[in-house]
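> Pasting a structure below so you can have a look.
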Amino acid sequence: MKKVLSLAILATFLATPAFAGETFVGSQDSWSNSVTKSNLMLDSKTFSQRDEKYSSWADKVDVDGDINISDELDGSSTLFFDKFTIYSADSELRGKYSETNWTTLGGSIETTTNTYTDAHETSAGVR
């Protein structure tokens, strides 16, 4: 019984004309296609140059053994060397460093971008 009553009410609404205004139905389709192409050309050259000069020097004195000073009663002093040796060494280094660099970079980057859109809109109402 409830089903029959519901169907009867629904049929009444569907069969009633739109007295307030005209009815309309709209349907719209749209499509879009876009292609973008790009080409990036690379051409880069780099030049660098480096010059270095250096100098190093070292000197070392090493004393091995004992030096003793003895004071005498008459005010004089006596100097004693026990296994006394002096070692001396030095070294020197001089130089130069030079460097030259050339770098070349070339090429291209190609890209293609495709964009596709598809839209559909449907609307209905009473004006």
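In the structure tokens, chains take letters A, B, ... by order of appearance, with residues numbered from 1 within each chain and ligands from 1 in the order shown.
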Give me the residues near Asp64 in chain A as a PyMOL selection string, where near means some atom within 7 Å (using only C-alpha atoms) and where sequence neighbours in that chain fewer than 3 positions away do not count.
chain A and resi 84-86
> Assign secondary structure with DSSP using the backbone only, and return the residues of chain A in helix (DSSP H, G or I) as a PyMOL selection string.
chain A and resi 2-15
> Write out, as a compact mmCIF listing (two decimals), in the first residue's frame, the residues just selected, with C-alpha atoms.

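Below is the file that was written, selection.txt:
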```
# COMPACT_ATOMS: atom_id res chain seq x y z
CA LYS A 2 2.81 2.37 0.85
CA LYS A 3 4.46 1.65 -2.49
CA VAL A 4 1.30 2.40 -4.40
CA LEU A 5 0.77 5.68 -2.55
CA SER A 6 4.38 6.75 -3.15
CA LEU A 7 4.11 5.98 -6.86
CA ALA A 8 0.84 7.92 -7.12
CA ILE A 9 2.38 11.02 -5.48
CA LEU A 10 5.44 10.81 -7.70
CA ALA A 11 3.33 10.46 -10.85
CA THR A 12 1.32 13.55 -9.83
CA PHE A 13 4.46 15.68 -9.66
CA LEU A 14 5.78 14.36 -12.95
CA ALA A 15 2.52 14.93 -14.80
```
> Can you list, as a list in words, every protein, DNA or RNA residue that comes within 8 Å of Thr104 in chain A when you count only C-alpha atoms, leaving out same-chain residues fewer than 6 positions away?
Asp43, Ser44, Lys45 and Thr46 of chain A
> Which is closest to Gly106 in chain A among A:Ala124, A:Asp118, A:Gly75, A:Leu42, if we use only C-alpha atoms?
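Checking each candidate against Gly106 in chain A, we get A:Leu42 as the closest.
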> If I take CA of Met41 in chain A and CA of Thr115 in chain A, how far is one from the other in Å, to one decimal?
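Taking CA of Met41 in chain A and CA of Thr115 in chain A, their separation equals 24.1 Å.
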> Out of A:Glu52, A:Glu110, A:Asp71, A:Glu121, which residue has the shortest atom-to-atom distance to Arg94 in chain A when counting only C-alpha atoms?
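Closest residue, counting only C-alpha atoms: A:Glu52.
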> Using only C-alpha atoms, which of the listed residues (A:Val126, A:Val35, A:Val61, A:Ile69) sits closest to Asn114 in chain A?
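Closest to Asn114 in chain A, using only C-alpha atoms: A:Val35.
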> Closest to Arg50 in chain A among A:Val63, A:Ser76, A:Asn68, A:Thr100, using only C-alpha atoms?
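Ranking A:Val63, A:Ser76, A:Asn68, A:Thr100 by distance to Arg50 in chain A, first place goes to A:Thr100.
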> To one decimal place, how far is CA of Gln49 in chain A from CA of Trp102 in chain A in Å?
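About the pair CA of Gln49 in chain A and CA of Trp102 in chain A: they are 8.9 Å apart.
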